[in-house]
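Next comes run.csv, with CSV, C-alpha atoms and all ligand atoms.
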```csv
chain,number,residue,atom,x,y,z
X,17,MET,CA,2.7,41.4,283.2
X,18,GLU,CA,0.4,43.3,280.9
X,19,ASN,CA,1.6,46.4,282.3
X,20,LEU,CA,5.2,45.4,281.5
X,21,GLU,CA,4.3,44.8,277.8
X,22,LYS,CA,2.7,48.2,277.7
X,23,ILE,CA,5.8,49.9,279.2
X,24,LEU,CA,7.9,48.2,276.5
X,25,ALA,CA,5.5,49.3,273.7
X,26,ASP,CA,5.5,52.9,274.9
X,27,PHE,CA,9.3,52.8,275.1
X,28,GLU,CA,9.6,51.6,271.6
X,29,ALA,CA,7.1,54.2,270.3
X,30,GLY,CA,8.8,57.0,272.1
X,31,LEU,CA,12.2,56.0,270.9
X,32,LYS,CA,11.2,56.3,267.3
X,33,ASN,CA,10.7,60.0,267.7
X,34,LEU,CA,14.1,60.8,269.1
X,35,LYS,CA,16.4,62.8,266.9
X,36,SER,CA,19.5,63.7,268.8
X,37,GLU,CA,21.9,62.1,271.2
X,38,ARG,CA,20.8,64.5,273.9
X,39,GLU,CA,17.1,63.3,273.5
X,40,VAL,CA,18.2,59.6,273.7
X,41,PHE,CA,20.2,60.4,276.8
X,42,ASP,CA,17.2,62.0,278.5
X,43,PHE,CA,15.0,59.1,277.4
X,44,GLU,CA,17.4,56.6,278.8
X,45,LYS,CA,17.4,58.4,282.1
X,46,ARG,CA,13.6,58.3,282.2
X,47,TYR,CA,13.6,54.5,281.9
X,48,LEU,CA,16.8,53.4,283.5
X,49,GLY,CA,17.8,56.4,285.7
X,50,ARG,CA,19.0,55.3,289.1
X,51,LYS,CA,16.6,57.7,290.7
X,52,ASP,CA,13.0,57.4,289.6
X,53,GLY,CA,13.7,55.5,286.3
X,54,ILE,CA,10.5,53.7,285.3
X,55,ILE,CA,12.3,50.3,285.1
X,56,THR,CA,14.4,51.0,288.2
X,57,ASN,CA,11.3,51.7,290.2
X,58,LEU,CA,9.7,48.5,289.1
X,59,PHE,CA,12.8,46.6,290.4
X,60,SER,CA,12.3,48.1,293.8
X,61,GLU,CA,8.6,47.4,293.8
X,62,ILE,CA,9.0,43.6,293.2
X,63,ALA,CA,11.1,43.4,296.4
X,64,ASN,CA,7.7,43.5,298.2
X,65,LEU,CA,6.2,40.5,296.2
X,66,SER,CA,6.0,36.8,297.1
X,67,ILE,CA,8.9,34.6,296.0
X,68,ASP,CA,7.1,33.1,293.0
X,69,GLU,CA,5.8,36.4,291.8
X,70,LYS,CA,9.3,37.8,292.3
X,71,ARG,CA,10.8,35.1,290.2
X,72,GLU,CA,8.3,35.5,287.3
X,73,LEU,CA,8.2,39.2,287.2
X,74,GLY,CA,11.9,39.6,288.0
X,75,SER,CA,13.0,37.5,285.0
X,76,LYS,CA,10.5,39.3,282.7
X,77,LEU,CA,11.7,42.7,284.0
X,78,ASN,CA,15.3,41.7,283.3
X,79,GLU,CA,14.4,40.7,279.8
X,80,ILE,CA,12.7,44.0,279.2
X,81,LYS,CA,15.7,45.9,280.7
X,82,LYS,CA,18.0,44.0,278.3
X,83,ARG,CA,15.8,44.8,275.3
X,84,ILE,CA,15.6,48.4,276.3
X,85,LYS,CA,19.4,48.6,276.5
X,86,VAL,CA,19.8,47.0,273.1
X,87,LEU,CA,17.3,49.4,271.5
X,88,LEU,CA,19.0,52.4,273.2
X,89,LYS,CA,22.4,51.3,271.9
X,90,GLN,CA,21.0,51.0,268.3
X,91,LYS,CA,19.3,54.4,268.5
X,92,LYS,CA,22.5,56.1,269.8
X,93,SER,CA,24.5,54.9,266.9
X,94,SER,CA,21.8,56.0,264.4
X,95,VAL,CA,21.2,59.5,265.9
X,96,SER,CA,25.0,60.3,265.8
X,97,LYS,CA,24.9,59.4,262.1
X,98,ILE,CA,21.9,61.7,261.6
X,99,GLU,CA,23.9,64.5,263.2
X,100,ILE,CA,26.9,64.0,260.9
X,101,GLU,CA,24.6,64.0,257.9
X,102,ILE,CA,23.1,67.3,259.0
X,103,ASP,CA,26.7,68.8,259.2
X,104,GLU,CA,27.4,67.7,255.7
X,105,ASP,CA,24.4,69.7,254.5
X,106,ALA,CA,25.4,72.8,256.5
X,107,PRO,CA,26.9,75.8,254.6
X,108,GLU,CA,30.7,75.9,254.4
X,109,ILE,CA,32.3,77.4,257.4
X,110,LYS,CA,35.4,79.4,256.4
X,111,SER,CA,38.5,78.7,258.4
X,112,GLY,CA,38.9,82.3,259.6
X,113,PHE,CA,42.6,81.9,260.0
X,114,GLY,CA,43.1,85.5,258.7
X,115,SER,CA,45.9,86.8,256.5
X,116,PHE,CA,48.6,89.4,256.4
X,117,HIS,CA,47.6,92.9,255.4
X,118,PRO,CA,49.1,93.7,251.9
X,119,LEU,CA,51.2,96.5,253.5
X,120,THR,CA,52.6,94.1,256.1
X,121,ILE,CA,53.6,91.7,253.3
X,122,ILE,CA,55.5,94.5,251.4
X,123,LYS,CA,57.1,95.9,254.6
X,124,LYS,CA,58.3,92.4,255.5
X,125,GLU,CA,59.8,91.9,252.0
X,126,LEU,CA,61.4,95.4,252.1
X,127,ALA,CA,62.9,94.7,255.6
X,128,GLU,CA,64.3,91.4,254.3
X,129,VAL,CA,65.9,92.7,251.1
X,130,PHE,CA,67.4,95.8,252.8
X,131,SER,CA,68.7,94.1,255.9
X,132,SER,CA,70.4,91.6,253.6
X,133,MET,CA,72.3,94.6,252.1
X,134,GLY,CA,73.3,95.9,255.5
X,135,PHE,CA,70.7,98.6,256.1
X,136,ASP,CA,69.4,99.4,259.6
X,137,ILE,CA,65.6,99.7,259.8
X,138,VAL,CA,63.9,102.4,261.8
X,139,GLU,CA,60.3,103.8,261.9
X,140,GLY,CA,61.0,107.3,263.1
X,141,PHE,CA,58.5,110.0,264.4
X,142,GLU,CA,55.2,111.0,262.8
X,143,VAL,CA,55.3,114.5,264.2
X,144,ALA,CA,58.1,116.7,262.9
X,145,ASN,CA,58.8,120.4,262.9
X,146,ASP,CA,59.4,122.6,259.9
X,147,TYR,CA,63.2,122.1,260.3
X,148,TYR,CA,63.1,118.3,260.0
X,149,ASN,CA,60.5,118.2,257.3
X,150,PHE,CA,61.7,121.1,255.2
X,151,GLY,CA,64.4,123.5,256.5
X,152,ALA,CA,67.2,121.0,256.9
X,153,LEU,CA,66.2,119.3,253.6
X,154,ASN,CA,67.1,122.4,251.6
X,155,PHE,CA,63.5,123.5,250.9
X,156,PRO,CA,63.4,127.2,250.0
X,157,GLU,CA,61.4,129.5,252.4
X,158,ASP,CA,58.6,129.9,249.9
X,159,HIS,CA,58.3,126.3,248.8
X,160,PRO,CA,54.6,125.4,248.2
X,161,ALA,CA,54.9,122.1,250.1
X,162,ARG,CA,55.4,124.2,253.3
X,163,ASP,CA,52.0,125.8,252.8
X,164,MET,CA,49.4,125.2,255.5
X,165,GLN,CA,47.2,124.0,252.6
X,166,ASP,CA,49.6,121.1,251.8
X,167,ALA,CA,50.7,119.8,255.2
X,168,TYR,CA,48.8,119.0,258.4
X,169,TYR,CA,50.0,121.4,261.1
X,170,ILE,CA,49.4,120.6,264.7
X,171,SER,CA,46.6,123.0,265.8
X,172,GLY,CA,47.9,126.3,267.1
X,173,SER,CA,51.4,125.7,265.7
X,174,LYS,CA,53.1,127.1,262.7
X,175,ASP,CA,56.1,124.9,263.3
X,176,GLN,CA,54.9,121.4,264.2
X,177,LEU,CA,53.3,119.2,261.6
X,178,LEU,CA,52.6,115.6,260.7
X,179,ARG,CA,55.6,114.6,258.6
X,180,ALA,CA,54.8,114.9,254.9
X,181,HIS,CA,57.6,112.4,253.9
X,182,THR,CA,60.0,110.0,255.6
X,183,SER,CA,63.0,112.2,254.4
X,184,THR,CA,62.8,113.7,257.9
X,185,MET,CA,64.8,110.6,259.0
X,186,GLN,CA,67.8,111.7,256.9
X,187,VAL,CA,68.1,114.8,259.1
X,188,PHE,CA,67.6,112.9,262.3
X,189,THR,CA,70.2,110.3,261.3
X,190,PHE,CA,72.8,112.8,260.2
X,191,GLU,CA,72.4,114.6,263.5
X,192,ASN,CA,73.1,111.5,265.5
X,193,GLU,CA,75.3,109.2,263.5
X,194,ILE,CA,78.7,109.6,261.8
X,195,PRO,CA,78.9,108.1,258.2
X,196,PRO,CA,79.2,105.6,256.8
X,197,VAL,CA,75.4,104.9,257.3
X,198,ARG,CA,72.9,102.8,255.5
X,199,LYS,CA,69.4,103.3,256.7
X,200,ILE,CA,65.8,102.4,255.9
X,201,ALA,CA,62.9,104.3,257.4
X,202,MET,CA,59.4,102.9,257.0
X,203,GLY,CA,56.5,104.8,258.4
X,204,LYS,CA,53.3,106.8,258.0
X,205,CYS,CA,53.2,110.2,256.2
X,206,PHE,CA,50.5,112.7,255.9
X,207,ARG,CA,49.5,115.1,253.1
X,208,ARG,CA,46.5,117.3,252.4
X,209,ASP,CA,46.2,115.7,248.9
X,210,GLU,CA,42.8,115.4,247.4
X,211,THR,CA,41.9,111.8,248.0
X,212,ASP,CA,41.2,109.7,245.0
X,213,ALA,CA,41.8,106.1,243.9
X,214,THR,CA,45.6,106.6,244.1
X,215,HIS,CA,46.0,109.4,246.8
X,216,GLU,CA,45.3,109.3,250.5
X,217,HIS,CA,45.9,111.8,253.3
X,218,THR,CA,47.7,109.0,255.2
X,219,PHE,CA,50.1,106.7,253.5
X,220,TRP,CA,53.2,104.7,254.2
X,221,GLN,CA,56.6,105.5,252.7
X,222,ILE,CA,59.9,103.8,252.7
X,223,GLU,CA,62.9,106.1,252.7
X,224,GLY,CA,66.4,104.6,252.1
X,225,PHE,CA,69.7,106.4,252.2
X,226,ALA,CA,73.4,105.5,252.3
X,227,VAL,CA,76.3,107.9,253.0
X,228,ASP,CA,79.9,106.9,252.5
X,229,GLU,CA,83.1,108.0,250.8
X,230,ASN,CA,82.5,106.6,247.3
X,231,ILE,CA,78.7,106.4,246.9
X,232,THR,CA,77.5,106.9,243.3
X,233,SER,CA,74.2,106.7,241.4
X,234,GLY,CA,75.4,103.3,240.3
X,235,ASN,CA,75.1,102.1,243.9
X,236,LEU,CA,71.6,103.6,244.0
X,237,LYS,CA,70.6,101.8,240.8
X,238,PHE,CA,71.9,98.5,242.0
X,239,THR,CA,70.2,98.8,245.4
X,240,LEU,CA,66.9,99.7,243.8
X,241,ASN,CA,67.2,96.9,241.3
X,242,GLU,CA,67.6,94.4,244.3
X,243,MET,CA,64.4,95.9,245.8
X,244,PHE,CA,62.4,95.6,242.6
X,245,LYS,CA,63.5,92.0,242.1
X,246,LYS,CA,62.3,91.2,245.6
X,247,ILE,CA,58.9,93.0,245.3
X,248,LEU,CA,58.2,91.8,241.8
X,249,GLU,CA,59.6,88.3,242.4
X,250,LYS,CA,61.4,88.4,239.0
X,251,GLU,CA,65.1,88.3,238.3
X,252,ASP,CA,65.1,90.2,235.0
X,253,VAL,CA,64.1,93.7,236.1
X,254,ASN,CA,65.8,96.8,234.9
X,255,VAL,CA,65.8,100.3,236.5
X,256,ARG,CA,65.7,103.6,234.7
X,257,PHE,CA,66.2,107.1,236.1
X,258,ARG,CA,64.5,110.2,234.6
X,259,PRO,CA,65.6,113.7,235.7
X,260,SER,CA,63.4,115.2,238.4
X,261,TYR,CA,63.6,117.8,241.1
X,262,PHE,CA,63.5,117.4,244.9
X,263,PRO,CA,65.3,120.2,246.9
X,264,PHE,CA,67.3,117.7,249.0
X,265,VAL,CA,68.9,115.8,246.1
X,266,GLU,CA,71.1,116.8,243.2
X,267,PRO,CA,70.8,115.2,240.7
X,268,GLY,CA,67.2,114.1,241.4
X,269,TYR,CA,65.4,111.3,239.6
X,270,GLU,CA,62.0,109.7,239.0
X,271,VAL,CA,62.6,105.9,239.2
X,272,ASP,CA,61.0,103.4,236.9
X,273,SER,CA,61.4,99.7,236.5
X,274,THR,CA,60.7,97.6,233.5
X,275,CYS,CA,57.1,96.2,233.6
X,276,THR,CA,57.4,92.5,234.6
X,277,PHE,CA,53.7,92.0,234.0
X,278,CYS,CA,53.8,92.4,230.2
X,279,GLY,CA,57.5,92.0,229.7
X,280,GLY,CA,57.7,95.6,228.3
X,281,LYS,CA,55.0,95.1,225.6
X,282,GLY,CA,52.6,97.5,227.3
X,283,CYS,CA,49.7,96.7,229.6
X,284,ARG,CA,47.2,98.4,232.0
X,285,ILE,CA,49.8,98.4,234.9
X,286,CYS,CA,52.5,100.2,233.0
X,287,LYS,CA,49.9,102.3,231.1
X,288,ASN,CA,51.2,100.8,227.9
X,289,THR,CA,54.7,102.3,228.3
X,290,GLY,CA,56.6,99.1,229.3
X,291,TRP,CA,57.9,101.0,232.4
X,292,ILE,CA,56.4,101.2,235.9
X,293,GLU,CA,56.8,104.5,237.9
X,294,TRP,CA,57.7,104.0,241.5
X,295,GLY,CA,58.9,107.2,243.2
X,296,GLY,CA,61.7,109.6,243.7
X,297,ALA,CA,65.4,109.3,244.3
X,298,GLY,CA,68.7,111.1,243.9
X,299,MET,CA,72.2,112.0,245.3
X,300,ILE,CA,71.9,113.8,248.6
X,301,HIS,CA,72.4,117.5,248.1
X,302,PRO,CA,75.7,118.8,249.5
X,303,ASN,CA,73.7,121.5,251.5
X,304,VAL,CA,71.9,118.7,253.4
X,305,LEU,CA,75.2,117.1,254.4
X,306,GLU,CA,77.0,120.3,255.2
X,307,LYS,CA,74.2,121.5,257.4
X,308,GLN,CA,74.9,118.5,259.6
X,309,ASN,CA,78.7,119.1,259.5
X,310,ILE,CA,79.3,116.2,257.2
X,311,ASP,CA,82.1,117.1,254.8
X,312,SER,CA,80.5,116.9,251.3
X,313,LYS,CA,83.9,116.8,249.6
X,314,LYS,CA,84.6,113.5,251.4
X,315,PHE,CA,81.2,111.9,251.8
X,316,ARG,CA,78.4,111.4,249.3
X,317,GLY,CA,75.1,109.7,249.6
X,318,PHE,CA,72.1,108.5,247.8
X,319,ALA,CA,68.4,108.7,248.9
X,320,PHE,CA,65.1,107.4,247.7
X,321,GLY,CA,61.5,107.5,248.8
X,322,PHE,CA,58.6,105.3,247.6
X,323,GLY,CA,55.0,104.9,248.7
X,324,ILE,CA,54.4,101.5,250.2
X,325,GLU,CA,50.7,101.4,249.2
X,326,ARG,CA,51.7,102.1,245.6
X,327,MET,CA,54.1,99.1,245.8
X,328,ALA,CA,51.3,96.9,247.1
X,329,MET,CA,48.9,98.2,244.5
X,330,ILE,CA,51.3,97.2,241.7
X,331,LYS,CA,52.2,93.9,243.2
X,332,PHE,CA,48.7,92.7,244.1
X,333,GLY,CA,46.8,94.6,241.4
X,334,ILE,CA,44.8,96.7,243.9
X,335,LYS,CA,42.9,99.5,242.2
X,336,GLU,CA,41.7,101.6,245.1
X,337,ILE,CA,44.2,103.1,247.7
X,338,ARG,CA,41.4,103.9,250.2
X,339,ASN,CA,40.9,100.2,250.9
X,340,PHE,CA,44.2,100.0,252.7
X,341,HIS,CA,43.1,101.9,255.8
X,342,SER,CA,39.3,101.2,255.5
X,343,GLY,CA,39.3,98.3,258.0
X,344,ASP,CA,37.0,96.4,255.7
X,345,LEU,CA,37.8,92.7,256.2
X,346,ARG,CA,36.6,91.8,252.7
X,347,PHE,CA,39.7,93.6,251.4
X,348,LEU,CA,41.9,91.1,253.2
X,349,GLY,CA,39.9,88.2,251.8
X,350,VAL,CA,39.3,86.9,255.3
E,1,LIG,N1,60.6,112.6,249.9
E,1,LIG,C1,60.2,112.6,248.5
E,1,LIG,C2,58.7,112.6,248.4
E,1,LIG,O1,58.0,112.2,249.4
E,1,LIG,C3,60.7,111.3,247.9
E,1,LIG,C4,62.2,111.3,247.8
E,1,LIG,C5,63.0,110.7,248.8
E,1,LIG,C6,62.9,111.9,246.7
E,1,LIG,C7,64.4,110.7,248.7
E,1,LIG,C8,64.2,111.8,246.6
E,1,LIG,C9,65.0,111.2,247.6
E,1,LIG,O2,58.1,112.9,247.4
```
Would you mind writing the file's structure down as structure tokens?
Amino acid sequence: MENLEKILADFEAGLKNLKSEREVFDFEKRYLGRKDGIITNLFSEIANLSIDEKRELGSKLNEIKKRIKVLLKQKKSSVSKIEIEIDEDAPEIKSGFGSFHPLTIIKKELAEVFSSMGFDIVEGFEVANDYYNFGALNFPEDHPARDMQDAYYISGSKDQLLRAHTSTMQVFTFENEIPPVRKIAMGKCFRRDETDATHEHTFWQIEGFAVDENITSGNLKFTLNEMFKKILEKEDVNVRFRPSYFPFVEPGYEVDSTCTFCGGKGCRICKNTGWIEWGGAGMIHPNVLEKQNIDSKKFRGFAFGFGIERMAMIKFGIKEIRNFHSGDLRFLGV
């Protein structure tokens, strides 16, 4: 009998020190486990006692077993509470759901707006030869962009290079398709620019072009206006063309939109001019069409080319272009 009291006292003392559900579970097993549990063993021991002893000890043992069970139950509910409290104090765990890369967001928006206007979307090839990158695009023989210092040539080749712009896709399309065509090419381009906060050797471009019987600069302006409305998420955007030179367009333009960030008053993004510079455009040069046996008296086309990183930098206020391909997850805010 005394022994039984001691067992209960030990149990109660031991129970106090338990801190987790796991510990309570093990403790329960030690006392009530079917195999070698302290209380379980006592039940098998009394089988050998006299009837009177059996009755006395048996009922005491049952009482203790009941008590132990009640205490265990209480302890279980209190340790699970302790565990929840610990969780509440733990540092915040971020969801880690991830997010779209800014370039992906822009490409998706571009794909949406241009497919709504009937443009096909292609990616094209990253390796081109001189003909696709320059020759067929009316670049003169001695144009500096053809220089080994400006483009990445495939080692050992004077002809094959990593495309310096997506305008290669104009040539490829005109070789393979009969106008009317409306096409968007989005893909990587490569230049041996000095890298700085706004220039990278590897960058994405979107090239767009349409060839049909009555295409004018007005169509170009409308199309670009739709694009700016989508990217800038504003309805009241205007487009402006400034004269510029690219060998494969005539006339050629630099394209600006009104600055939707300051409403034209002047801010950091538009460098206080009220206009944001986006990229190049123009009416496709008759030489480019004629080289592909497209009658330039009958067909005309527009083309434009913009850097996609630049679009993302403007839209999201990103200051450093090298972040885009750095692989640093902090850039994505993940
Ligand atoms: N390919 C030109 C560039 O990369 C951009 C451009 C495309 C200009 C189409 C006019 C027409 O600089």
Surroundings of ligand LIG 1 (chain E) up to 8 Å, based on all atoms listed in the file, as a ChimeraX atom specification: /X:180-183,221,223-225,262,264-265,268-269,295-300,318-323
Measuring atom to atom with all atoms listed in the file, identify which of X:Asp166, X:Lys250, X:Asp311, X:Lys335 is nearest to Asp209 of chain X. X:Asp166
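Each of X:Ser60, X:Ser75, X:Asn230, X:Asn288 was checked against Met17 of chain X using all atoms listed in the file; the smallest atom-to-atom distance is that of X:Ser75.
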Just want the 12 Å neighbourhood of Ser94 of chain X, counted on all atoms listed in the file, with same-chain residues fewer than 6 positions away dropped. Output as an mmCIF file with C-alpha atoms, in the frame of the given file.
```
data_model
loop_
_atom_site.group_PDB
_atom_site.id
_atom_site.type_symbol
_atom_site.label_atom_id
_atom_site.label_comp_id
_atom_site.auth_asym_id
_atom_site.auth_seq_id
_atom_site.Cartn_x
_atom_site.Cartn_y
_atom_site.Cartn_z
ATOM 1 C CA LEU X 31 12.200 56.000 270.900
ATOM 2 C CA LYS X 32 11.200 56.300 267.300
ATOM 3 C CA LEU X 34 14.100 60.800 269.100
ATOM 4 C CA LYS X 35 16.400 62.800 266.900
ATOM 5 C CA SER X 36 19.500 63.700 268.800
ATOM 6 C CA GLU X 37 21.900 62.100 271.200
ATOM 7 C CA VAL X 40 18.200 59.600 273.700
ATOM 8 C CA LEU X 87 17.300 49.400 271.500
ATOM 9 C CA LEU X 88 19.000 52.400 273.200
ATOM 10 C CA ILE X 100 26.900 64.000 260.900
ATOM 11 C CA GLU X 101 24.600 64.000 257.900
#
```
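Nearest residue to Leu73 of chain X, choosing from X:Ser273, X:Asn19, X:Thr184, X:Thr120 and counting all atoms listed in the file: X:Asn19.
Atom pair atom CA of Glu251 of chain X / atom CA of Phe347 of chain X: separated by 29.1 Å.
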Quick one: contact table of segment 270-333 of chain X to segment 134-151 of chain X, 12 Å max, nearest atom pair and distance in Å to one decimal per residue, counting all atoms listed in the file, chain and number order, as a Markdown table?
```
| residue | atom | partner | partner_atom | distance |
| --- | --- | --- | --- | --- |
| X:Asn303 | CA | X:Gly151 | CA | 10.7 |
| X:Val304 | CA | X:Gly151 | CA | 9.4 |
| X:Lys307 | CA | X:Gly151 | CA | 10.0 |
| X:Gln308 | CA | X:Tyr148 | CA | 11.8 |
```
Grab the residues selected above and save them as an mmCIF file, keeping the file's coordinate frame with C-alpha atoms.
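Listing of selection30.cif after writing:
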```cif
data_model
loop_
_atom_site.group_PDB
_atom_site.id
_atom_site.type_symbol
_atom_site.label_atom_id
_atom_site.label_comp_id
_atom_site.auth_asym_id
_atom_site.auth_seq_id
_atom_site.Cartn_x
_atom_site.Cartn_y
_atom_site.Cartn_z
ATOM 1 C CA ASN X 303 73.700 121.500 251.500
ATOM 2 C CA VAL X 304 71.900 118.700 253.400
ATOM 3 C CA LYS X 307 74.200 121.500 257.400
ATOM 4 C CA GLN X 308 74.900 118.500 259.600
#
```
Pick out the residues sitting within 10 Å of segment 41-48 of chain X, and hand them over as a ChimeraX atom specification; count all atoms listed in the file, and ignore anything fewer than 4 positions along from it in its own chain. /X:23,27,30-31,34,36-37,52-57,81,84-85,88,92
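Rounded to one decimal, atom CA of Phe206 of chain X and atom CA of Phe219 of chain X lie 6.5 Å from each other.
Residues in contact range of Ser115 of chain X, defined as at most 10 Å between only C-alpha atoms, with sequence neighbours fewer than 4 positions away removed, read Thr120, Ile121, Leu348, Gly349 and Val350 of chain X.
Going from atom CA of Met185 of chain X over to atom CA of Asn154 of chain X, you cover 14.1 Å.
Closest to Arg83 of chain X among X:Lys313, X:Asp175, X:Ala25, X:Glu306 is X:Ala25, based on all atoms listed in the file.
In terms of minimum interatomic distance to Glu28 of chain X, X:Gln90 ranks closest within X:Gln90, X:Phe244, X:Thr211, X:Asp105, counting all atoms listed in the file.
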Which residues, written as a list in words, have at least one atom at most 10 Å from Gln165 of chain X, with all atoms listed in the file counted and residues fewer than 5 positions away on the same chain left out? Pro160, Arg207, Arg208 and Asp209 of chain X
Give me the residues within 12 Å of Asp228 of chain X as a ChimeraX atom specification, counting all atoms listed in the file and dropping any in the same chain fewer than 5 places off. /X:194-199,235,299-300,305,310-318
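With all atoms listed in the file as the basis for measurement, X:Ile337 is the residue among X:Ile337, X:Val271, X:Leu236, X:Ala127 that approaches Glu216 of chain X most closely.
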